[in-house]
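K.L.:
Input structure35.tsv, format and content: TSV, C-alpha atoms.
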chain	number	residue	atom	x	y	z
J	8	MET	CA	-20.76	-16.06	-105.05
J	9	SER	CA	-22.53	-12.95	-103.81
J	10	GLU	CA	-21.22	-9.44	-104.24
J	11	ASN	CA	-21.99	-8.82	-100.52
J	12	VAL	CA	-18.78	-10.19	-98.98
J	13	ARG	CA	-15.06	-9.43	-99.16
J	14	ALA	CA	-12.25	-11.59	-97.73
J	15	CYS	CA	-9.34	-9.79	-96.02
J	16	ALA	CA	-6.01	-10.69	-97.63
J	17	HIS	CA	-4.18	-10.11	-94.32
J	18	CYS	CA	-6.15	-12.12	-91.75
J	19	GLY	CA	-8.66	-14.04	-93.84
J	20	ALA	CA	-11.71	-12.60	-92.11
J	21	ARG	CA	-14.83	-12.20	-94.17
J	22	ASN	CA	-16.30	-8.69	-94.32
J	23	LYS	CA	-19.33	-7.14	-95.94
J	24	ALA	CA	-18.74	-5.83	-99.42
J	25	THR	CA	-19.66	-2.31	-98.38
J	26	TRP	CA	-16.87	-2.14	-95.74
J	27	GLU	CA	-13.59	-0.43	-96.61
J	28	PHE	CA	-11.56	-1.87	-93.71
J	29	CYS	CA	-11.36	-5.30	-92.14
J	30	ALA	CA	-13.39	-5.48	-88.96
J	31	ARG	CA	-10.80	-7.87	-87.41
J	32	CYS	CA	-7.40	-6.36	-88.23
J	33	GLY	CA	-8.30	-2.90	-89.58
J	34	GLU	CA	-6.38	-3.36	-92.85
J	35	THR	CA	-7.80	-1.93	-96.08
J	36	LEU	CA	-10.08	-4.07	-98.22
J	37	ASP	CA	-9.34	-2.11	-101.40
J	38	GLY	CA	-8.79	-4.49	-104.34
J	39	GLU	CA	-10.34	-7.48	-102.59
J	40	GLN	CA	-12.97	-9.35	-104.54
J	41	ALA	CA	-16.34	-10.18	-103.11
J	42	GLY	CA	-16.94	-13.91	-102.81
J	43	PHE	CA	-19.07	-15.18	-99.87
J	44	GLY	CA	-22.69	-14.77	-99.00
J	45	ALA	CA	-23.71	-12.46	-96.28
J	46	ASP	CA	-25.11	-15.31	-94.16
J	47	ASP	CA	-21.68	-17.02	-94.14
J	48	LEU	CA	-19.94	-14.16	-92.33
J	49	GLU	CA	-17.95	-15.03	-89.15
J	50	THR	CA	-19.41	-13.27	-86.21
J	51	GLU	CA	-15.95	-12.48	-84.89
J	52	ALA	CA	-15.30	-10.23	-87.89
J	53	GLU	CA	-18.46	-8.19	-87.36
J	54	PRO	CA	-18.04	-5.13	-85.15
J	55	THR	CA	-20.07	-5.29	-81.92
J	56	GLY	CA	-23.15	-3.06	-81.93
J	57	VAL	CA	-22.92	-2.14	-85.66
J	58	GLU	CA	-25.88	-3.00	-87.88
J	59	ALA	CA	-25.22	-4.91	-91.14
J	60	ASP	CA	-26.44	-2.05	-93.31
J	61	GLU	CA	-24.47	0.71	-91.50
J	62	PRO	CA	-22.66	2.98	-93.91
J	63	ALA	CA	-18.92	2.51	-94.08
J	64	ALA	CA	-16.81	5.03	-92.17
J	65	SER	CA	-14.06	6.94	-93.84
J	66	SER	CA	-10.58	5.52	-93.47
J	67	GLY	CA	-9.34	8.49	-91.45
J	68	ALA	CA	-12.25	8.29	-89.01
J	69	VAL	CA	-11.83	4.57	-88.49
J	70	LEU	CA	-8.11	4.90	-87.85
J	71	ARG	CA	-8.73	7.66	-85.34
J	72	GLN	CA	-11.36	5.52	-83.60
J	73	LEU	CA	-9.05	2.55	-83.45
J	74	ALA	CA	-6.18	4.62	-82.16
J	75	LEU	CA	-8.40	6.18	-79.51
J	76	LEU	CA	-9.71	2.75	-78.50
J	77	ALA	CA	-6.17	1.44	-78.17
J	78	LEU	CA	-5.17	4.38	-76.00
J	79	VAL	CA	-8.20	3.91	-73.77
J	80	LEU	CA	-7.60	0.19	-73.38
J	81	VAL	CA	-3.89	0.52	-72.73
J	82	GLY	CA	-4.36	3.53	-70.47
J	83	GLY	CA	-7.09	1.72	-68.53
J	84	ALA	CA	-4.96	-1.37	-68.03
J	85	VAL	CA	-2.01	0.70	-66.87
J	86	SER	CA	-4.20	2.72	-64.50
J	87	TRP	CA	-5.78	-0.43	-63.03
J	88	GLN	CA	-2.40	-2.00	-62.36
J	89	TRP	CA	-1.11	1.28	-60.92
J	90	MET	CA	-4.06	1.57	-58.54
J	91	ARG	CA	-3.59	-2.02	-57.40
J	92	SER	CA	0.10	-1.45	-56.74
J	93	PRO	CA	0.89	-0.97	-53.03
J	94	THR	CA	3.31	1.83	-53.88
J	95	ALA	CA	0.95	3.69	-56.19
J	96	ALA	CA	-0.04	6.39	-53.73
J	97	ALA	CA	3.46	6.75	-52.34
J	98	ALA	CA	5.38	7.07	-55.59
J	99	PRO	CA	3.54	8.95	-58.38
J	100	ALA	CA	5.46	9.52	-61.58
J	101	PRO	CA	7.27	12.90	-61.49
J	102	GLY	CA	5.34	15.50	-63.42
J	103	PHE	CA	2.41	13.14	-64.03
J	104	VAL	CA	-0.88	14.63	-62.75
J	105	THR	CA	0.77	16.28	-59.70
J	106	LEU	CA	2.06	19.83	-59.92
J	107	PRO	CA	5.68	20.58	-59.15
J	108	THR	CA	6.22	21.89	-55.60
J	109	LEU	CA	8.24	24.91	-54.60
J	110	PRO	CA	11.72	24.32	-53.26
J	111	ALA	CA	11.88	24.19	-49.45
J	112	ALA	CA	13.73	27.49	-49.28
J	113	THR	CA	10.95	29.37	-51.10
J	114	ALA	CA	7.95	27.49	-49.60
J	115	ARG	CA	5.41	29.80	-47.92
J	116	PRO	CA	5.40	29.36	-44.09
J	117	VAL	CA	2.24	28.06	-42.39
J	118	LEU	CA	0.72	30.87	-40.34
J	119	PRO	CA	-1.59	30.38	-37.33
J	120	THR	CA	-5.27	31.06	-37.88
J	121	PRO	CA	-6.00	34.57	-36.67
J	122	LYS	CA	-8.21	34.74	-33.56
J	123	GLY	CA	-11.40	36.74	-33.38
J	124	PRO	CA	-11.85	39.84	-31.22
J	125	GLY	CA	-11.35	39.11	-27.54
J	126	GLU	CA	-10.48	35.42	-27.98
J	127	GLU	CA	-6.95	35.65	-26.63
J	128	ASP	CA	-8.08	37.52	-23.52
J	129	PHE	CA	-10.90	35.01	-23.09
J	130	GLU	CA	-8.58	32.00	-23.24
J	131	GLU	CA	-6.07	33.55	-20.84
J	132	GLY	CA	-8.86	34.56	-18.48
J	133	ARG	CA	-10.32	31.07	-18.53
J	134	ALA	CA	-6.94	29.58	-17.63
J	135	LEU	CA	-6.55	32.02	-14.74
J	136	LEU	CA	-10.03	31.28	-13.43
J	137	ALA	CA	-9.33	27.54	-13.57
J	138	ARG	CA	-6.31	28.19	-11.31
J	139	GLY	CA	-8.47	30.11	-8.85
J	140	GLU	CA	-7.15	33.55	-9.77
J	141	ALA	CA	-10.58	35.14	-10.12
J	142	ALA	CA	-9.60	38.81	-9.87
J	143	GLU	CA	-6.89	38.55	-12.53
J	144	ALA	CA	-9.22	36.51	-14.73
J	145	ALA	CA	-11.97	39.13	-14.41
J	146	GLN	CA	-9.66	41.84	-15.78
J	147	LEU	CA	-8.89	39.88	-18.94
J	148	LEU	CA	-12.47	38.73	-19.38
J	149	GLU	CA	-13.70	42.30	-19.05
J	150	ARG	CA	-11.48	43.18	-22.02
J	151	ALA	CA	-12.81	40.20	-23.96
J	152	VAL	CA	-16.41	41.35	-23.35
J	153	ALA	CA	-15.51	44.89	-24.43
J	154	ALA	CA	-14.05	43.51	-27.66
J	155	ALA	CA	-17.04	41.26	-28.37
J	156	PRO	CA	-20.04	42.57	-26.39
J	157	GLU	CA	-22.50	40.25	-28.16
J	158	ASN	CA	-20.64	37.09	-27.19
J	159	GLY	CA	-22.70	35.33	-24.52
J	160	GLN	CA	-19.94	32.86	-23.69
J	161	PHE	CA	-17.51	35.67	-22.89
J	162	ARG	CA	-20.06	37.35	-20.63
J	163	GLY	CA	-20.92	34.08	-18.88
J	164	LEU	CA	-17.32	33.41	-17.91
J	165	TYR	CA	-16.84	37.05	-16.94
J	166	ALA	CA	-19.87	36.70	-14.66
J	167	GLN	CA	-18.39	33.57	-13.13
J	168	ALA	CA	-15.10	35.33	-12.42
J	169	LEU	CA	-16.88	38.31	-10.86
J	170	THR	CA	-19.02	36.22	-8.52
J	171	ALA	CA	-16.04	34.05	-7.58
J	172	GLY	CA	-14.12	37.20	-6.70
J	173	GLY	CA	-16.91	38.56	-4.48
J	174	ALA	CA	-18.48	41.04	-6.93
J	175	VAL	CA	-21.82	39.23	-6.75
J	176	GLU	CA	-24.21	41.91	-8.03
J	177	GLU	CA	-21.94	42.76	-10.97
J	178	GLY	CA	-21.63	39.07	-11.74
J	179	LEU	CA	-25.39	38.54	-11.66
J	180	ALA	CA	-25.86	41.46	-14.06
J	181	GLN	CA	-23.37	39.87	-16.47
J	182	TYR	CA	-25.11	36.50	-16.11
J	183	GLU	CA	-28.42	38.11	-16.97
J	184	ALA	CA	-26.90	39.69	-20.08
J	185	ALA	CA	-25.29	36.38	-21.06
J	186	VAL	CA	-28.59	34.50	-20.79
J	187	ARG	CA	-30.31	37.18	-22.84
J	188	LEU	CA	-27.65	36.87	-25.55
J	189	ASP	CA	-27.67	33.07	-25.53
J	190	PRO	CA	-31.09	31.88	-24.30
J	191	ALA	CA	-30.54	28.36	-25.68
J	192	SER	CA	-27.46	27.75	-23.50
J	193	PHE	CA	-28.22	25.18	-20.81
J	194	THR	CA	-24.87	25.85	-19.12
J	195	MET	CA	-25.56	29.57	-18.90
J	196	ALA	CA	-29.05	29.12	-17.46
J	197	SER	CA	-27.95	26.58	-14.85
J	198	GLN	CA	-24.97	28.70	-13.77
J	199	PHE	CA	-27.23	31.73	-13.46
J	200	GLY	CA	-29.60	29.70	-11.28
J	201	ARG	CA	-26.79	28.60	-8.96
J	202	ALA	CA	-25.48	32.15	-8.64
J	203	LEU	CA	-28.93	33.50	-7.81
J	204	SER	CA	-29.51	30.71	-5.28
J	205	ARG	CA	-26.21	31.45	-3.53
J	206	ALA	CA	-27.12	35.14	-3.49
J	207	GLY	CA	-30.31	34.35	-1.58
J	208	ARG	CA	-32.75	35.12	-4.41
J	209	PRO	CA	-34.74	31.87	-4.57
J	210	GLU	CA	-37.60	33.00	-6.81
J	211	GLU	CA	-35.27	34.32	-9.51
J	212	ALA	CA	-33.06	31.25	-9.08
J	213	ALA	CA	-36.05	28.97	-9.59
J	214	ALA	CA	-36.93	30.78	-12.84
J	215	ALA	CA	-33.37	30.37	-14.15
J	216	TYR	CA	-33.30	26.71	-13.13
J	217	GLU	CA	-36.66	26.09	-14.79
J	218	ALA	CA	-35.25	27.47	-18.03
J	219	ALA	CA	-32.28	25.11	-17.71
J	220	VAL	CA	-34.52	22.11	-17.01
J	221	ALA	CA	-36.64	22.99	-20.04
J	222	LEU	CA	-33.48	22.89	-22.18
J	223	GLN	CA	-32.19	19.61	-20.71
J	224	PRO	CA	-34.93	17.87	-18.70
J	225	ARG	CA	-32.76	14.79	-18.11
J	226	ASP	CA	-29.89	16.57	-16.37
J	227	GLU	CA	-29.97	14.97	-12.92
J	228	ALA	CA	-27.80	17.54	-11.13
J	229	VAL	CA	-29.89	20.55	-12.13
J	230	VAL	CA	-33.16	18.72	-11.41
J	231	ARG	CA	-31.86	17.93	-7.91
J	232	GLU	CA	-30.75	21.51	-7.28
J	233	LEU	CA	-34.08	22.93	-8.42
J	234	ALA	CA	-36.01	20.38	-6.36
J	235	ASP	CA	-33.97	21.21	-3.26
J	236	LEU	CA	-34.57	24.90	-3.85
J	237	TYR	CA	-38.32	24.32	-4.05
J	238	THR	CA	-38.30	22.15	-0.91
J	239	ARG	CA	-36.50	24.88	1.05
J	240	SER	CA	-38.83	27.52	-0.38
J	241	GLY	CA	-42.00	25.71	0.69
J	242	ARG	CA	-42.82	24.41	-2.79
J	243	ALA	CA	-42.45	20.72	-1.95
J	244	ASP	CA	-45.19	19.80	-4.45
J	245	ARG	CA	-43.07	20.96	-7.38
J	246	SER	CA	-40.04	19.31	-5.78
J	247	VAL	CA	-41.88	15.98	-5.64
J	248	GLU	CA	-42.80	16.31	-9.31
J	249	LEU	CA	-39.20	16.95	-10.37
J	250	LEU	CA	-37.68	14.24	-8.20
J	251	SER	CA	-40.25	11.64	-9.27
J	252	ARG	CA	-39.18	12.27	-12.85
J	253	ALA	CA	-35.51	12.05	-11.88
J	254	VAL	CA	-36.06	8.71	-10.09
J	255	GLU	CA	-37.73	7.35	-13.22
J	256	MET	CA	-34.68	8.39	-15.22
J	257	ARG	CA	-32.28	6.78	-12.74
J	258	PRO	CA	-34.03	3.89	-11.01
J	259	GLY	CA	-32.19	2.47	-8.03
J	260	ASP	CA	-30.38	5.73	-7.19
J	261	ALA	CA	-30.74	5.74	-3.39
J	262	ALA	CA	-29.67	9.38	-3.01
J	263	LEU	CA	-32.37	10.53	-5.43
J	264	GLU	CA	-34.95	8.31	-3.75
J	265	GLN	CA	-34.04	9.68	-0.34
J	266	GLN	CA	-34.40	13.25	-1.59
J	267	LEU	CA	-37.79	12.31	-3.04
J	268	GLY	CA	-38.82	10.77	0.28
J	269	HIS	CA	-37.82	13.94	2.12
J	270	ALA	CA	-39.81	16.08	-0.34
J	271	LEU	CA	-42.84	13.82	0.15
J	272	GLN	CA	-42.42	14.04	3.91
J	273	THR	CA	-42.13	17.84	3.76
J	274	SER	CA	-45.22	18.08	1.58
J	275	GLY	CA	-47.21	16.05	4.11
J	276	ASN	CA	-47.42	12.85	2.04
J	277	LEU	CA	-46.14	10.73	4.92
J	278	ASP	CA	-47.49	7.38	3.71
J	279	GLN	CA	-45.70	7.63	0.39
J	280	ALA	CA	-42.56	8.95	2.05
J	281	ALA	CA	-42.47	5.89	4.33
J	282	VAL	CA	-42.87	3.61	1.30
J	283	VAL	CA	-39.87	5.27	-0.39
J	284	TYR	CA	-37.71	5.06	2.75
J	285	ARG	CA	-38.58	1.40	3.35
J	286	GLY	CA	-37.67	0.59	-0.23
J	287	ILE	CA	-34.20	2.07	0.28
J	288	LEU	CA	-33.65	0.20	3.57
J	289	GLU	CA	-34.63	-3.11	2.03
J	290	ARG	CA	-31.72	-2.73	-0.39
J	291	MET	CA	-29.39	-0.82	1.95
J	292	PRO	CA	-30.09	-1.66	5.61
J	293	HIS	CA	-27.01	0.31	6.72
J	294	ALA	CA	-28.36	3.61	5.30
J	295	HIS	CA	-28.49	5.30	8.71
J	296	LEU	CA	-29.77	8.67	7.51
J	297	THR	CA	-32.64	7.02	5.65
J	298	ARG	CA	-33.43	4.99	8.76
J	299	GLY	CA	-33.63	8.18	10.77
J	300	LEU	CA	-35.95	9.79	8.20
J	301	LEU	CA	-38.23	6.75	8.26
J	302	ALA	CA	-38.35	6.83	12.06
J	303	GLU	CA	-39.28	10.52	12.04
J	304	THR	CA	-41.98	9.88	9.44
J	305	LEU	CA	-43.50	7.11	11.54
J	306	PHE	CA	-43.37	9.33	14.62
J	307	GLU	CA	-45.19	12.09	12.72
J	308	GLN	CA	-47.82	9.52	11.75
J	309	GLY	CA	-48.45	8.82	15.43
J	310	GLN	CA	-46.50	5.55	15.59
J	311	PRO	CA	-43.80	6.23	18.24
J	312	ASP	CA	-43.16	2.61	19.13
J	313	GLU	CA	-42.68	1.65	15.49
J	314	ALA	CA	-40.36	4.64	15.09
J	315	ILE	CA	-38.21	3.62	18.07
J	316	GLY	CA	-38.19	0.06	16.72
J	317	VAL	CA	-36.68	1.31	13.46
J	318	PHE	CA	-33.70	2.72	15.37
J	319	ARG	CA	-33.30	-0.33	17.58
J	320	SER	CA	-33.35	-2.58	14.51
J	321	GLY	CA	-30.53	-0.54	13.03
J	322	LEU	CA	-28.47	-0.75	16.22
J	323	GLU	CA	-28.84	-4.52	16.21
J	324	ARG	CA	-27.01	-4.44	12.89
J	325	ASN	CA	-24.45	-1.85	13.93
J	326	ALA	CA	-24.24	-0.82	17.57
J	327	ALA	CA	-21.38	1.59	16.84
J	328	ALA	CA	-23.41	3.90	14.55
J	329	PRO	CA	-23.47	7.33	16.28
J	330	LEU	CA	-26.39	8.71	14.24
J	331	LEU	CA	-28.66	5.89	15.36
J	332	HIS	CA	-27.90	6.56	19.05
J	333	ARG	CA	-28.59	10.27	18.64
J	334	GLY	CA	-31.88	9.66	16.78
J	335	LEU	CA	-32.97	7.04	19.28
J	336	GLY	CA	-32.20	9.41	22.16
J	337	SER	CA	-34.35	12.12	20.60
J	338	LEU	CA	-37.35	9.82	20.18
J	339	LEU	CA	-36.97	8.34	23.66
J	340	GLU	CA	-36.91	11.81	25.21
J	341	ARG	CA	-40.01	12.88	23.28
J	342	THR	CA	-41.88	9.79	24.46
J	343	GLY	CA	-40.97	10.44	28.11
J	344	LYS	CA	-38.28	7.75	28.47
J	345	VAL	CA	-35.69	10.20	29.71
J	346	ALA	CA	-33.33	7.75	31.42
J	347	GLU	CA	-32.94	5.76	28.23
J	348	ALA	CA	-32.63	8.98	26.28
J	349	ALA	CA	-29.76	10.18	28.49
J	350	ALA	CA	-27.95	6.87	28.01
J	351	ALA	CA	-28.36	7.14	24.21
J	352	TYR	CA	-27.01	10.70	24.19
J	353	ARG	CA	-23.97	9.68	26.23
J	354	GLU	CA	-23.25	6.80	23.85
J	355	TYR	CA	-23.45	9.16	20.91
J	356	ALA	CA	-20.97	11.56	22.53
J	357	ARG	CA	-18.64	8.66	23.31
J	358	LEU	CA	-18.71	7.32	19.74
J	359	ALA	CA	-18.42	10.74	18.09
J	360	PRO	CA	-16.54	13.03	20.49
J	361	ALA	CA	-15.52	15.43	17.71
J	362	ALA	CA	-19.09	15.93	16.44
J	363	PRO	CA	-20.29	19.56	16.66
J	364	ASP	CA	-23.18	18.61	18.95
J	365	ALA	CA	-21.35	15.99	21.06
J	366	ALA	CA	-20.74	18.37	23.97
J	367	SER	CA	-24.27	19.79	23.95
J	368	LEU	CA	-25.83	16.31	23.96
J	369	GLN	CA	-23.53	15.29	26.81
J	370	GLU	CA	-24.85	18.30	28.74
J	371	ARG	CA	-28.38	17.31	27.79
J	372	ALA	CA	-27.81	13.86	29.26
J	373	ASP	CA	-26.57	15.46	32.51
J	374	LEU	CA	-29.68	17.63	32.67
J	375	LEU	CA	-32.03	14.69	32.11
J	376	GLU	CA	-30.35	12.66	34.82
J	377	LYS	CA	-30.58	15.59	37.26
J	378	ARG	CA	-34.26	15.86	36.45
J	379	ILE	CA	-34.74	12.19	37.24
J	380	ALA	CA	-32.81	12.53	40.50
J	381	SER	CA	-34.89	15.51	41.64
J	382	ARG	CA	-38.18	13.65	41.45
Show the structure stored in the file as structure tokens.
P.N.:
Amino acid sequence: MSENVRACAHCGARNKATWEFCARCGETLDGEQAGFGADDLETEAEPTGVEADEPAASSGAVLRQLALLALVLVGGAVSWQWMRSPTAAAAPAPGFVTLPTLPAATARPVLPTPKGPGEEDFEEGRALLARGEAAEAAQLLERAVAAAPENGQFRGLYAQALTAGGAVEEGLAQYEAAVRLDPASFTMASQFGRALSRAGRPEEAAAAYEAAVALQPRDEAVVRELADLYTRSGRADRSVELLSRAVEMRPGDAALEQQLGHALQTSGNLDQAAVVYRGILERMPHAHLTRGLLAETLFEQGQPDEAIGVFRSGLERNAAAPLLHRGLGSLLERTGKVAEAAAAYREYARLAPAAPDAASLQERADLLEKRIASR
């Protein structure tokens, strides 16, 4: 027998002669005689990952390692089962990991987060403005601005309250300051544009709107407002550009298409305007305002009969549409068919007696008939 192997008296496992403890049960090998060859060792008695010629550890170190391994294995198994338990999170062991809590009587109360300068006045002012109390809101918002003069949002709402209360110039000054403080605010720029437009300052309004469109080019409402402003200001070319982009963003929107057609018509692009109007009527034959715009476009192109035919076609679909009778009457009068024009005006007044121009068109019909009678 070789001197390289010792048999454990406790479990029978064969160990290398240089080992002091059994690799299977951990018991001491002191006093055991070597007897088997090294190549006859059972693999189950050889520690995993330890080379055959590794020096033997001291007894104290091995015991500590085994004890630590046992704690890790047992602790891991317990932790795994605890985590899998449905009540694990709800019922932790008292004093284990968690810290003891203070009794309810001595627990510190939860305090509200303190507000920054002017925030309370701002919130109260916003609530008042939402209820339509602009003057009262302006007083609180003025205090908020005084407390935080660099806050663009405070100034913007203060400006809104001022203009709503009639202090237009003061409001515009606050809007200007707000935009300067917060140039990246789309809301601020668009509100400033609306305020300037209402104040009758179209060039400045257009500049503010352009800044808003640059920040959010896909905002349909602001694009429409800016386009309408340009159309009214004689800049229909820019209006057409904006509305064409808006129509691309929202294909099939008849209101946008109609506004584009009107901008084209105003800019003198009558052919393209007629194409846009016809496209709307193909989908919506009862769009009476669009029908009237198409008729006017055709008349401007020197096609009076085609223009009158557009109105008559609409009346075949709906003979009770007042707008079509009024538009037809206007074209008939301009083409010299005054008797038919008078009849159309009277029908309009009959169908829409409360319309603002019903009485005046009734008088116009009387005048045309008198003219005919005096010939």
K.L.:
Provide the atom CA of J:Tyr355 to atom CA of J:Ser320 distance in Å, to one decimal place.
P.N.:
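So the two atoms, atom CA of J:Tyr355 and atom CA of J:Ser320, lie 16.6 Å apart.
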K.L.:
Between atom CA of J:Asp260 and atom CA of J:Ala228, what distance in Å does the model show, to one decimal?
P.N.:
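Atom CA of J:Ala228 lies at a distance of 12.7 Å from atom CA of J:Asp260.
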K.L.:
Which residue out of J:Ile287, J:Leu374, J:Leu330, J:Ala166 has the minimum interatomic distance to J:Ala346 when only C-alpha atoms are used?
P.N.:
J:Leu374
K.L.:
Would you please work out which residue, of J:Arg245, J:Arg357, J:Arg319, J:Arg162, is nearest to J:Leu339 when using all atoms listed in the file?
P.N.:
J:Arg319
K.L.:
Tell me, as an mmCIF file with C-alpha atoms, keeping the file's coordinate frame, which residues lie within 10 Å of J:Arg225, counting only C-alpha atoms; anything in the same chain fewer than 2 positions away does not count.
P.N.:
data_model
loop_
_atom_site.group_PDB
_atom_site.id
_atom_site.type_symbol
_atom_site.label_atom_id
_atom_site.label_comp_id
_atom_site.auth_asym_id
_atom_site.auth_seq_id
_atom_site.Cartn_x
_atom_site.Cartn_y
_atom_site.Cartn_z
ATOM 1 C CA VAL J 220 -34.520 22.110 -17.010
ATOM 2 C CA ALA J 221 -36.640 22.990 -20.040
ATOM 3 C CA LEU J 222 -33.480 22.890 -22.180
ATOM 4 C CA GLN J 223 -32.190 19.610 -20.710
ATOM 5 C CA GLU J 227 -29.970 14.970 -12.920
ATOM 6 C CA ALA J 228 -27.800 17.540 -11.130
ATOM 7 C CA VAL J 229 -29.890 20.550 -12.130
ATOM 8 C CA VAL J 230 -33.160 18.720 -11.410
ATOM 9 C CA ARG J 252 -39.180 12.270 -12.850
ATOM 10 C CA ALA J 253 -35.510 12.050 -11.880
ATOM 11 C CA MET J 256 -34.680 8.390 -15.220
ATOM 12 C CA ARG J 257 -32.280 6.780 -12.740
#
K.L.:
Have a look at atom CA of J:Ala262 and atom CA of J:Leu233 and let me know their distance in Å, one decimal.
P.N.:
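Between atom CA of J:Ala262 and atom CA of J:Leu233 the gap works out to 15.2 Å.
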K.L.:
Near J:Ser204, counting all atoms listed in the file, which residues have an atom at most 12 Å away, once you skip same-chain residues fewer than 5 positions from it, shown as a list in words?
P.N.:
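Those residues are Val175, Leu179, Ser197, Gln198, Phe199, Pro209, Glu210, Glu211, Ala212, Ala213, Ala214, Ala215, Tyr216, Glu232, Leu233, Asp235, Leu236, Tyr237, Arg239 and Ser240 of chain J.
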K.L.:
Determine the axis-aligned bounding box of all atoms of stretch 169-178 of chain J present in the file, pad each side by 4 Å, and express its centre and edge lengths in Å to one decimal place as JSON.
P.N.:
{"center_x": -19.2, "center_y": 38.4, "center_z": -8.1, "size_x": 18.1, "size_y": 16.7, "size_z": 15.3}
K.L.:
For J:Arg371, please output as a PyMOL selection string all residues within 8 Å (counting all atoms listed in the file; exclusion window: fewer than 3 positions along the same chain).
P.N.:
chain J and resi 349+352+367-368+374-375
